[in-house]
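Engineer: Encoded as structure tokens, here's the structure I'll be asking about.
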Amino acid sequence: MLPFDFDYYKPETLKEAVDLFQYLDQQGNQPMFFSGGTELITLGRIDLAYTDAVIDIKDIAESKVMKVSGDHLILGSTLSLTEIEEANLFPLLTKTASEIADHTARGKITLGGNICAQIFYREAVLPFLLADSQVLIIGPEGKKVIPINEIFHEQLRLKRGEFLVQLATDSRFITAPFISIKRRQQWDTGYPLITIAALKTGQELRVAISGLCPFPFRSKEVESVLNNIEMSLEARVQGAIELVPDPILDDVEGSAEYRLFVLQNLFYDVLARLER
Amino acid sequence: MKFHTITLNINGNNRVVTVRSADTLLYALRGKLGLTGSKPGCLNGDCGACTVNLDGWPMKSCLMLAVEAIGKKVTTIEGLQNAPIQQAFVENFAFQCGYCTPGFIMNCHSLIEQHPDADDEKIKEWLESNICRCTGYAEIERAVKSVLKKNRVP
Ligand code: FES
Ligand code: FES
């Protein structure tokens, strides 16, 4: 139960959703697109999130798509992580998503919701960053398709009134060798510390990381050092560590020093597994 | 609209209830419909005490708005009538204080329905969604496995 009231709308078309947002916005409301809604429900309860108009986009057909179209896998933003896991059409995504929250919660958390969330982790974005996926966004200016690596910088750079509808991924990357490792502070179910996802295309290794900085990222600089086989293994890992972006999270889940130590070992694990 | 008079299909019956948009399904079940079997624990999606079954899948009812349940089939612990997992909990001493039990049972029941051939890894993955402060979990695992085994065609 949330301590504030809001209107609830469930449009059935993209246009209806976008128009509704604009209309409410112009009326001075604070509308919010809502997919799984777990963040609004949990943060709203403790006054860390607020809206006076929820626009639930789960009834919009385009946002529920899960299909292979030509060479691409198309995934709708309102698919739950469980639906994605059960269908297992993108094994790296299945593995990365299966480590988010817990199984029951993943039946409510959606792909788009995780990618656009406020929390640091947002691990579901990692496979798409690695696979150079395309995102379909709708907003007042209509539909646009953009490479995710051009629009995801620390977060998905949506303009007011826009929302994520679909992600399209080339099948070349879906079948590429991968590894996804999540290290937790303790046990199997403790709070996440760092997740690393890696993909190998040809001889090239790609890595994306969540839980190290206050945002998930893929860094070309880090990748180029890790891929430099002229250097010793130790020098590559050390060089990659020096190139990770700032700031490094430093909180009760793990100090910055400890996170970098864990990351170093993760780099060794990734190289050992994918460079064979 | 901030208030809605909606029809929810709960335990096979259509129930009409007036809710705020901001009411969770858990609150509507307990506060409006008198179905107090689903338990409030953390109210934050962490403990699983509030788990119900939604179209055959487990759902933490504190993570869902009541209005989102329109058109879905909701089953609460009150809707299970001598399901095999209930008997198995009794036989395997799978609870002590019992506060977490309705949530665990609804999750286990969904697992048995969705994955009758669940292996150890799958059982662990599903049961990690619920927390019990009394038992050592081993009894709960035994209860689930006893039902899965019974259901397995030899
Ligand atoms: S009360 Fe819903 S998960 Fe704890
Ligand atoms: S039996 Fe007491 S919390 Fe589980």
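How things are named: the first chain in the structure tokens is A, the next is B, and so on; residues count from 1 in each chain; ligands count from 1 in the order shown.
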With only C-alpha atoms considered, list every residue of chain A at most 6 Å from chain B, as a list in words.
Structural biologist: Met1, Leu2, Asp5, Phe6, Asp7, Tyr8, Thr38, Thr42, Asp102, His103 and Thr104 of chain A
Engineer: Taking only C-alpha atoms and all ligand atoms into account, which residues have an atom no farther than 10 Å from ligand 2? I'd like them as a list in words.
Structural biologist: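 Residues lying within 10 Å of ligand 2: Gly41, Cys47, Ala49, Phe93, Ala94, Phe95, Gln96, Cys97, Gly98, Tyr99, Cys100, Thr101, Pro102, Gly103, Phe104, Asn130, Ile131, Cys132, Arg133, Cys134, Thr135, Gly136, Tyr137 and Ile140 of chain B.
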Engineer: Can you pull out every residue within 7 Å of Ile196 in chain A, counting only C-alpha atoms, but drop anything in the same chain fewer than 3 positions away, and send it as a list in words?
Structural biologist: Ser180, Ile181, Lys182, Val207, Ala208, Ile209 and Ser210 of chain A
Engineer: Residues within 12 Å of range 18-33 of chain A, please, as number ranges by chain. Count only C-alpha atoms; anything in the same chain fewer than 2 positions from it doesn't count.
Structural biologist: A: 5-16, 35-37, 39-40, 49-58, 60, 77-78, 112-113, 116-117, 137-143, 158-165
Engineer: Restricting it to N, CA and C atoms, dump the selection as a CSV table (one decimal), in the first residue's frame.
Structural biologist:
```csv
chain,number,residue,atom,x,y,z
A,5,ASP,N,-1.9,9.0,-3.3
A,5,ASP,CA,-2.9,8.5,-4.3
A,5,ASP,C,-2.4,8.8,-5.7
A,6,PHE,N,-2.8,8.0,-6.6
A,6,PHE,CA,-2.5,8.3,-8.0
A,6,PHE,C,-3.6,7.8,-8.9
A,7,ASP,N,-3.7,8.4,-10.1
A,7,ASP,CA,-4.6,7.8,-11.1
A,7,ASP,C,-3.9,6.7,-11.8
A,8,TYR,N,-4.7,5.7,-12.2
A,8,TYR,CA,-4.1,4.5,-12.9
A,8,TYR,C,-4.8,4.4,-14.3
A,9,TYR,N,-3.9,4.4,-15.3
A,9,TYR,CA,-4.4,4.2,-16.7
A,9,TYR,C,-3.7,3.0,-17.3
A,10,LYS,N,-4.4,2.3,-18.2
A,10,LYS,CA,-3.8,1.1,-18.8
A,10,LYS,C,-4.1,1.2,-20.3
A,11,PRO,N,-3.3,2.1,-21.1
A,11,PRO,CA,-3.6,2.2,-22.5
A,11,PRO,C,-3.2,1.0,-23.3
A,12,GLU,N,-3.8,0.8,-24.4
A,12,GLU,CA,-3.6,-0.4,-25.2
A,12,GLU,C,-2.8,-0.1,-26.5
A,13,THR,N,-2.5,1.1,-26.8
A,13,THR,CA,-1.6,1.4,-27.9
A,13,THR,C,-0.5,2.4,-27.5
A,14,LEU,N,0.5,2.3,-28.3
A,14,LEU,CA,1.7,3.2,-28.1
A,14,LEU,C,1.3,4.7,-28.1
A,15,LYS,N,0.4,5.0,-29.1
A,15,LYS,CA,0.0,6.4,-29.3
A,15,LYS,C,-0.8,6.9,-28.1
A,16,GLU,N,-1.7,6.0,-27.7
A,16,GLU,CA,-2.5,6.4,-26.5
A,16,GLU,C,-1.6,6.7,-25.3
A,35,SER,N,5.8,-0.4,-15.6
A,35,SER,CA,5.8,-1.7,-16.3
A,35,SER,C,5.7,-2.8,-15.2
A,36,GLY,N,6.8,-3.3,-14.6
A,36,GLY,CA,6.6,-4.2,-13.5
A,36,GLY,C,6.2,-3.4,-12.3
A,37,GLY,N,6.7,-2.2,-12.2
A,37,GLY,CA,6.2,-1.3,-11.1
A,37,GLY,C,6.9,-1.6,-9.7
A,39,GLU,N,9.7,-0.9,-8.5
A,39,GLU,CA,10.4,0.2,-7.9
A,39,GLU,C,9.5,1.2,-7.3
A,40,LEU,N,8.5,1.5,-8.1
A,40,LEU,CA,7.5,2.5,-7.5
A,40,LEU,C,6.9,2.0,-6.2
A,49,ALA,N,9.9,7.6,-4.0
A,49,ALA,CA,9.4,7.7,-5.3
A,49,ALA,C,8.0,8.3,-5.3
A,50,TYR,N,7.6,9.0,-6.3
A,50,TYR,CA,6.3,9.6,-6.3
A,50,TYR,C,5.7,9.8,-7.7
A,51,THR,N,4.5,9.6,-7.8
A,51,THR,CA,3.8,10.0,-9.1
A,51,THR,C,2.3,10.3,-8.7
A,52,ASP,N,1.6,11.0,-9.5
A,52,ASP,CA,0.2,11.1,-9.3
A,52,ASP,C,-0.6,10.5,-10.4
A,53,ALA,N,0.1,9.9,-11.4
A,53,ALA,CA,-0.6,9.3,-12.5
A,53,ALA,C,0.3,8.2,-13.1
A,54,VAL,N,-0.2,6.9,-12.9
A,54,VAL,CA,0.5,5.8,-13.4
A,54,VAL,C,0.0,5.4,-14.8
A,55,ILE,N,0.9,5.2,-15.7
A,55,ILE,CA,0.5,4.8,-17.1
A,55,ILE,C,1.1,3.4,-17.2
A,56,ASP,N,0.3,2.4,-17.0
A,56,ASP,CA,0.7,1.0,-17.1
A,56,ASP,C,0.8,0.6,-18.6
A,57,ILE,N,2.0,0.2,-19.0
A,57,ILE,CA,2.2,-0.1,-20.5
A,57,ILE,C,2.1,-1.6,-20.8
A,58,LYS,N,1.7,-2.4,-19.8
A,58,LYS,CA,1.8,-3.9,-20.0
A,58,LYS,C,0.7,-4.4,-21.0
A,60,ILE,N,0.1,-3.0,-23.9
A,60,ILE,CA,0.5,-2.6,-25.3
A,60,ILE,C,1.2,-3.7,-26.0
A,77,SER,N,9.7,-4.6,-23.9
A,77,SER,CA,10.2,-4.1,-22.6
A,77,SER,C,9.4,-4.6,-21.4
A,78,THR,N,8.1,-5.0,-21.7
A,78,THR,CA,7.3,-5.4,-20.5
A,78,THR,C,7.3,-6.9,-20.3
A,112,GLY,N,12.4,-4.0,-19.4
A,112,GLY,CA,12.5,-2.5,-19.5
A,112,GLY,C,12.6,-1.9,-18.1
A,113,GLY,N,11.8,-2.4,-17.2
A,113,GLY,CA,11.8,-1.9,-15.8
A,113,GLY,C,13.2,-2.0,-15.2
A,116,CYS,N,15.7,0.5,-16.9
A,116,CYS,CA,15.4,1.9,-16.7
A,116,CYS,C,15.3,2.3,-15.2
A,117,ALA,N,15.6,1.3,-14.3
A,117,ALA,CA,15.4,1.5,-12.9
A,117,ALA,C,16.4,2.5,-12.3
A,137,ILE,N,12.4,3.2,-29.2
A,137,ILE,CA,11.9,4.1,-28.2
A,137,ILE,C,10.7,4.8,-28.8
A,138,ILE,N,9.6,5.1,-28.0
A,138,ILE,CA,8.5,5.8,-28.5
A,138,ILE,C,8.4,7.1,-27.6
A,139,GLY,N,8.0,8.2,-28.3
A,139,GLY,CA,7.8,9.4,-27.5
A,139,GLY,C,7.0,10.4,-28.3
A,140,PRO,N,6.9,11.6,-27.9
A,140,PRO,CA,6.1,12.6,-28.6
A,140,PRO,C,6.6,12.8,-30.0
A,141,GLU,N,7.9,12.6,-30.3
A,141,GLU,CA,8.4,12.8,-31.7
A,141,GLU,C,8.2,11.5,-32.5
A,142,GLY,N,7.6,10.5,-32.0
A,142,GLY,CA,7.3,9.3,-32.7
A,142,GLY,C,8.3,8.2,-32.3
A,143,LYS,N,8.5,7.2,-33.2
A,143,LYS,CA,9.3,6.0,-32.9
A,143,LYS,C,10.7,6.3,-33.3
A,158,LEU,N,16.5,8.7,-21.9
A,158,LEU,CA,15.2,8.9,-22.4
A,158,LEU,C,14.8,10.4,-22.2
A,159,LYS,N,14.1,11.0,-23.2
A,159,LYS,CA,13.6,12.3,-23.0
A,159,LYS,C,12.2,12.2,-22.3
A,160,ARG,N,11.8,13.3,-21.8
A,160,ARG,CA,10.5,13.3,-21.1
A,160,ARG,C,9.4,12.8,-22.0
A,161,GLY,N,8.6,11.9,-21.5
A,161,GLY,CA,7.5,11.4,-22.3
A,161,GLY,C,7.8,10.2,-23.2
A,162,GLU,N,9.1,9.8,-23.2
A,162,GLU,CA,9.5,8.7,-24.0
A,162,GLU,C,9.6,7.4,-23.1
A,163,PHE,N,9.4,6.2,-23.8
A,163,PHE,CA,9.6,5.0,-23.1
A,163,PHE,C,10.2,3.9,-24.0
A,164,LEU,N,10.8,3.0,-23.4
A,164,LEU,CA,11.5,1.9,-24.1
A,164,LEU,C,10.4,0.9,-24.5
A,165,VAL,N,10.4,0.5,-25.8
A,165,VAL,CA,9.4,-0.5,-26.3
A,165,VAL,C,10.0,-1.8,-26.5
```
Engineer: When distances are computed from only C-alpha atoms, which of A:Leu260, A:Leu205, A:Ile119, A:Ile241 shows the smallest separation from Ser224 in chain A?
Structural biologist: A:Leu205
Engineer: Apply DSSP to the backbone of this structure and, from range 158-257 of chain A, keep only the residues in strand (DSSP E or B); write these as an NGL selection string.
Structural biologist: :A and (163-170 or 178-184 or 192-201 or 204-210 or 217-218 or 251 or 254)
Engineer: Restricting the calculation to only C-alpha atoms and all ligand atoms: of A:Ala256, A:Ala105, A:Ala240, A:Leu89, which residue gets closest to ligand 1?
Structural biologist: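 Comparing A:Ala256, A:Ala105, A:Ala240, A:Leu89 against ligand 1, the winner is A:Ala105.
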Engineer: Give me the residues within 10 Å of Gly76 in chain A as a PyMOL selection string, counting only C-alpha atoms and dropping any in the same chain fewer than 6 places off.
Structural biologist: chain A and resi 58+60-67+84+110-112+135-136+164-168
Engineer: Could you dump the residues just selected with all heavy atoms as a compact mmCIF listing (two decimals), in the first residue's frame?
Structural biologist:
```txt
# COMPACT_ATOMS: atom_id res chain seq x y z
N LYS A 58 1.72 -2.40 -19.80
CA LYS A 58 1.78 -3.86 -20.02
C LYS A 58 0.74 -4.40 -21.01
O LYS A 58 0.85 -5.53 -21.44
CB LYS A 58 1.64 -4.60 -18.68
CG LYS A 58 2.87 -4.46 -17.79
CD LYS A 58 2.86 -5.48 -16.67
CE LYS A 58 1.81 -5.22 -15.61
NZ LYS A 58 2.03 -3.98 -14.85
N ILE A 60 0.14 -3.04 -23.94
CA ILE A 60 0.49 -2.60 -25.30
C ILE A 60 1.20 -3.75 -26.03
O ILE A 60 2.24 -4.23 -25.56
CB ILE A 60 1.39 -1.35 -25.26
CG1 ILE A 60 0.65 -0.21 -24.55
CG2 ILE A 60 1.85 -0.95 -26.65
CD1 ILE A 60 1.48 1.02 -24.28
N ALA A 61 0.60 -4.19 -27.14
CA ALA A 61 1.08 -5.41 -27.82
C ALA A 61 2.58 -5.34 -28.14
O ALA A 61 3.31 -6.30 -27.89
CB ALA A 61 0.27 -5.63 -29.09
N GLU A 62 3.03 -4.21 -28.67
CA GLU A 62 4.45 -4.10 -29.09
C GLU A 62 5.41 -4.31 -27.92
O GLU A 62 6.54 -4.74 -28.11
CB GLU A 62 4.74 -2.72 -29.70
CG GLU A 62 4.12 -2.49 -31.06
CD GLU A 62 2.72 -1.88 -30.97
OE1 GLU A 62 2.02 -2.07 -29.95
OE2 GLU A 62 2.33 -1.20 -31.93
N SER A 63 4.96 -3.97 -26.73
CA SER A 63 5.87 -4.07 -25.59
C SER A 63 5.94 -5.49 -25.02
O SER A 63 6.74 -5.77 -24.12
CB SER A 63 5.44 -3.10 -24.48
OG SER A 63 4.35 -3.62 -23.77
N LYS A 64 5.09 -6.39 -25.56
CA LYS A 64 5.07 -7.77 -25.04
C LYS A 64 5.68 -8.77 -26.02
O LYS A 64 5.64 -9.97 -25.80
CB LYS A 64 3.62 -8.20 -24.75
CG LYS A 64 2.95 -7.35 -23.69
CD LYS A 64 1.63 -7.96 -23.26
CE LYS A 64 0.53 -7.66 -24.25
NZ LYS A 64 -0.81 -7.96 -23.73
N VAL A 65 6.22 -8.25 -27.11
CA VAL A 65 6.73 -9.11 -28.18
C VAL A 65 7.94 -9.93 -27.74
O VAL A 65 8.81 -9.45 -27.04
CB VAL A 65 7.11 -8.23 -29.39
CG1 VAL A 65 7.98 -8.97 -30.38
CG2 VAL A 65 5.87 -7.67 -30.06
N MET A 66 7.94 -11.19 -28.18
CA MET A 66 9.15 -12.02 -28.02
C MET A 66 9.20 -12.85 -29.28
O MET A 66 8.46 -13.81 -29.43
CB MET A 66 9.01 -12.90 -26.78
CG MET A 66 10.16 -13.83 -26.65
SD MET A 66 10.48 -14.66 -25.07
CE MET A 66 9.10 -14.47 -24.04
N LYS A 67 10.05 -12.44 -30.24
CA LYS A 67 10.07 -13.17 -31.50
C LYS A 67 11.39 -13.01 -32.23
O LYS A 67 12.14 -12.06 -31.99
CB LYS A 67 8.92 -12.72 -32.40
CG LYS A 67 9.06 -11.30 -32.88
CD LYS A 67 8.05 -10.95 -33.95
CE LYS A 67 8.35 -9.57 -34.50
NZ LYS A 67 7.28 -8.87 -35.13
N ILE A 84 11.38 -14.31 -19.93
CA ILE A 84 12.60 -14.34 -20.75
C ILE A 84 13.46 -15.56 -20.40
O ILE A 84 13.98 -16.25 -21.27
CB ILE A 84 13.38 -13.02 -20.54
CG1 ILE A 84 12.63 -11.91 -21.27
CG2 ILE A 84 14.81 -13.12 -21.01
CD1 ILE A 84 13.10 -10.53 -20.98
N THR A 110 10.27 -6.42 -14.90
CA THR A 110 10.30 -6.56 -16.36
C THR A 110 11.66 -6.13 -16.91
O THR A 110 12.44 -5.46 -16.24
CB THR A 110 9.19 -5.70 -17.01
OG1 THR A 110 9.44 -4.33 -16.71
CG2 THR A 110 7.81 -6.11 -16.54
N LEU A 111 11.87 -6.52 -18.15
CA LEU A 111 13.13 -6.21 -18.82
C LEU A 111 13.35 -4.69 -18.86
O LEU A 111 14.40 -4.18 -18.44
CB LEU A 111 13.07 -6.78 -20.24
CG LEU A 111 14.29 -6.59 -21.11
CD1 LEU A 111 15.51 -7.22 -20.47
CD2 LEU A 111 14.05 -7.20 -22.49
N GLY A 112 12.35 -3.97 -19.36
CA GLY A 112 12.48 -2.51 -19.47
C GLY A 112 12.57 -1.86 -18.10
O GLY A 112 13.31 -0.90 -17.90
N VAL A 135 17.67 -0.24 -29.69
CA VAL A 135 16.48 -0.05 -28.87
C VAL A 135 15.42 0.71 -29.66
O VAL A 135 15.75 1.61 -30.44
CB VAL A 135 16.78 0.70 -27.54
CG1 VAL A 135 17.69 -0.12 -26.66
CG2 VAL A 135 17.39 2.06 -27.78
N LEU A 136 14.19 0.30 -29.46
CA LEU A 136 13.07 1.03 -30.06
C LEU A 136 12.43 1.86 -28.95
O LEU A 136 12.00 1.32 -27.93
CB LEU A 136 12.03 0.06 -30.66
CG LEU A 136 10.71 0.69 -31.09
CD1 LEU A 136 10.91 1.66 -32.24
CD2 LEU A 136 9.70 -0.38 -31.49
N LEU A 164 10.84 2.98 -23.39
CA LEU A 164 11.49 1.88 -24.13
C LEU A 164 10.43 0.86 -24.50
O LEU A 164 9.66 0.42 -23.65
CB LEU A 164 12.54 1.25 -23.21
CG LEU A 164 13.24 -0.02 -23.68
CD1 LEU A 164 14.06 0.24 -24.94
CD2 LEU A 164 14.15 -0.56 -22.58
N VAL A 165 10.39 0.49 -25.79
CA VAL A 165 9.38 -0.47 -26.25
C VAL A 165 9.98 -1.85 -26.51
O VAL A 165 9.45 -2.87 -26.06
CB VAL A 165 8.68 0.03 -27.54
CG1 VAL A 165 7.54 -0.90 -27.92
CG2 VAL A 165 8.18 1.45 -27.39
N GLN A 166 11.10 -1.87 -27.23
CA GLN A 166 11.69 -3.16 -27.60
C GLN A 166 13.21 -3.05 -27.69
O GLN A 166 13.76 -1.97 -27.88
CB GLN A 166 11.19 -3.59 -29.00
CG GLN A 166 9.73 -3.93 -29.07
CD GLN A 166 9.25 -4.14 -30.50
OE1 GLN A 166 9.96 -3.90 -31.47
NE2 GLN A 166 8.00 -4.58 -30.62
N LEU A 167 13.84 -4.23 -27.63
CA LEU A 167 15.28 -4.32 -27.89
C LEU A 167 15.49 -5.38 -28.96
O LEU A 167 14.88 -6.46 -28.90
CB LEU A 167 16.03 -4.74 -26.63
CG LEU A 167 15.95 -3.71 -25.48
CD1 LEU A 167 15.20 -4.30 -24.33
CD2 LEU A 167 17.33 -3.25 -25.06
N ALA A 168 16.31 -5.06 -29.95
CA ALA A 168 16.57 -6.00 -31.04
C ALA A 168 18.04 -6.39 -31.01
O ALA A 168 18.93 -5.54 -30.93
CB ALA A 168 16.22 -5.36 -32.38
```
Engineer: Figure out the distance between atom 1 (S, counted along the ligand's line) of ligand 1 and CA of Lys39 in chain B, please, to one decimal in Å.
Structural biologist: 6.5 Å
Engineer: Using only C-alpha atoms, which residues sit within 12 Å of Lys220 in chain A once same-chain residues fewer than 5 positions away are excluded, as an NGL selection string?
Structural biologist: :A and (129-130 or 149 or 204-208 or 225-227 or 240 or 243-245)
Engineer: If you run DSSP on this backbone, which residues of chain B come out as helix (DSSP H, G or I), and could you give them as a ChimeraX atom specification?
Structural biologist: /B:25-32,61-63,66-69,77-79,84-91,101-114,120-127,138-151
Engineer: Within 12 Å of Lys149 in chain B, counting only C-alpha atoms, which residues qualify if same-chain residues fewer than 5 places away don't, as an MDAnalysis selection string?
Structural biologist: chainID B and resid 84:85 88 112 116:119 142:144 154
Engineer: Restricting the calculation to only C-alpha atoms and all ligand atoms, which member of A:Ala101, A:Leu271, A:Thr94, A:Phe4 is positioned closest to ligand 1?
Structural biologist: A:Ala101
Engineer: Could you jot down the CA of Ala124 in chain A to CA of Gln238 in chain A separation for me, Å, one decimal place?
Structural biologist: 26.7 Å
Engineer: Between A:Thr175, A:Thr201, A:Asn228, A:Gln185, which residue has the minimum interatomic distance to Leu92 in chain A, considering only C-alpha atoms?
Structural biologist: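 Of the candidates, the smallest distance to Leu92 in chain A is held by A:Thr175.
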Engineer: One decimal, Å: what's the distance from CA of Thr7 in chain B over to atom 3 (S, counted along the ligand's line) of ligand 1, could you say?
Structural biologist: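 According to the coordinates, CA of Thr7 in chain B and atom 3 (S, counted along the ligand's line) of ligand 1 are separated by 24.0 Å.
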